[in-house]
Amino acid sequence: ETLRMANIHWRPQVDFLVYETYSKVFALEAFHMAGKTLKAKIGLMVHDARKLTGHGTDAVTLVRTGSFADTPLAELSAMKRAGTLPAHAQLYDADLAHQAADLYAEDMALYAAHLNVKNLTFSELL
């Protein structure tokens, strides 16, 4: 639990909510729409830095079959350099998927309340 809370990438997103309600919630799966909406509504220019950081999966082919739950990081890194990566669901076996769903149940509920629940990797575990 301490590690999950110490890393902002692993920390539950609900921990970053400041207000009780929001006028709009955006899905990372539709990041381009967030930028357009924010520019139109409040004049905020959003810069998509994925191409600069290499952190996105938008520039690779996603592998949607097989299990990569126990794949070493070095192998995943080699796959990314070759232009492919496992789709998010392929990174989990059944036990790990249940553990993640339990740890991030509040985040999943927040997503389902505001966005298309079908976009959740494990919507059936909600």
# chains A, B, ... in the order shown; residues from 1 in each chain; ligands from 1
>>> residues_around(residues="range 64-78 of chain A", least_positions_apart="6", cutoff="6 Å", atoms="only C-alpha atoms", output="number ranges by chain")
A: 87, 90-93
>>> select_by_dssp(residues="chain A", states="strand (DSSP E)", output="MDAnalysis selection string")
chainID A and resid 61:63 84:86
>>> select_by_dssp(residues="range 19-55 of chain A", states="alpha helix (DSSP H)", output="ChimeraX atom specification")
/A:31-42,50-53
>>> atom_distance(atom1="CA of Thr61 in chain A", atom2="CA of Leu85 in chain A")
6.4 Å
>>> residues_around(residues="range 27-30 of chain A", least_positions_apart="5", cutoff="12 Å", atoms="only C-alpha atoms", output="JSON, numbers by chain")
{"A": [35, 36, 37, 48, 50, 56, 57, 58, 108, 110, 111, 112, 113, 114, 115, 116, 117, 118, 119, 120, 121]}
>>> atom_distance(atom1="CA of Tyr104 in chain A", atom2="CA of Met5 in chain A")
11.8 Å
>>> decode(residues="range 109-122 of chain A", atoms="N, CA, C and O atoms", output="JSON list (two decimals), in the first residue's frame")
[["chain", "number", "residue", "atom", "x", "y", "z"],
["A", 109, "ALA", "N", -15.04, 2.96, -10.46],
["A", 109, "ALA", "CA", -16.40, 3.48, -10.24],
["A", 109, "ALA", "C", -16.51, 4.92, -10.73],
["A", 109, "ALA", "O", -17.53, 5.29, -11.34],
["A", 110, "LEU", "N", -15.48, 5.73, -10.50],
["A", 110, "LEU", "CA", -15.47, 7.11, -10.99],
["A", 110, "LEU", "C", -15.56, 7.13, -12.51],
["A", 110, "LEU", "O", -16.35, 7.88, -13.09],
["A", 111, "TYR", "N", -14.76, 6.31, -13.16],
["A", 111, "TYR", "CA", -14.76, 6.23, -14.62],
["A", 111, "TYR", "C", -16.15, 5.83, -15.11],
["A", 111, "TYR", "O", -16.71, 6.45, -16.01],
["A", 112, "ALA", "N", -16.70, 4.79, -14.52],
["A", 112, "ALA", "CA", -18.01, 4.28, -14.95],
["A", 112, "ALA", "C", -19.11, 5.31, -14.75],
["A", 112, "ALA", "O", -20.07, 5.37, -15.52],
["A", 113, "ALA", "N", -18.98, 6.16, -13.74],
["A", 113, "ALA", "CA", -20.00, 7.17, -13.46],
["A", 113, "ALA", "C", -19.99, 8.30, -14.48],
["A", 113, "ALA", "O", -21.01, 8.95, -14.69],
["A", 114, "HIS", "N", -18.84, 8.54, -15.14],
["A", 114, "HIS", "CA", -18.72, 9.70, -16.02],
["A", 114, "HIS", "C", -18.43, 9.37, -17.48],
["A", 114, "HIS", "O", -18.62, 10.21, -18.35],
["A", 115, "LEU", "N", -17.94, 8.18, -17.74],
["A", 115, "LEU", "CA", -17.46, 7.84, -19.08],
["A", 115, "LEU", "C", -18.04, 6.51, -19.54],
["A", 115, "LEU", "O", -18.80, 5.87, -18.82],
["A", 116, "ASN", "N", -17.64, 6.07, -20.70],
["A", 116, "ASN", "CA", -18.14, 4.81, -21.26],
["A", 116, "ASN", "C", -17.49, 3.62, -20.56],
["A", 116, "ASN", "O", -16.31, 3.34, -20.78],
["A", 117, "VAL", "N", -18.25, 2.94, -19.75],
["A", 117, "VAL", "CA", -17.73, 1.82, -18.96],
["A", 117, "VAL", "C", -17.11, 0.73, -19.84],
["A", 117, "VAL", "O", -16.22, 0.01, -19.41],
["A", 118, "LYS", "N", -17.56, 0.64, -21.09],
["A", 118, "LYS", "CA", -17.01, -0.38, -21.99],
["A", 118, "LYS", "C", -15.53, -0.14, -22.30],
["A", 118, "LYS", "O", -14.84, -1.05, -22.74],
["A", 119, "ASN", "N", -15.05, 1.08, -22.07],
["A", 119, "ASN", "CA", -13.63, 1.37, -22.31],
["A", 119, "ASN", "C", -12.72, 0.91, -21.18],
["A", 119, "ASN", "O", -11.51, 0.91, -21.33],
["A", 120, "LEU", "N", -13.30, 0.54, -20.05],
["A", 120, "LEU", "CA", -12.49, 0.01, -18.95],
["A", 120, "LEU", "C", -11.91, -1.34, -19.35],
["A", 120, "LEU", "O", -12.62, -2.17, -19.93],
["A", 121, "THR", "N", -10.67, -1.57, -19.02],
["A", 121, "THR", "CA", -10.03, -2.83, -19.38],
["A", 121, "THR", "C", -10.76, -4.03, -18.79],
["A", 121, "THR", "O", -10.94, -5.02, -19.45],
["A", 122, "PHE", "N", -11.17, -3.92, -17.54],
["A", 122, "PHE", "CA", -11.86, -5.03, -16.88],
["A", 122, "PHE", "C", -13.22, -4.56, -16.35],
["A", 122, "PHE", "O", -13.51, -4.66, -15.15]]
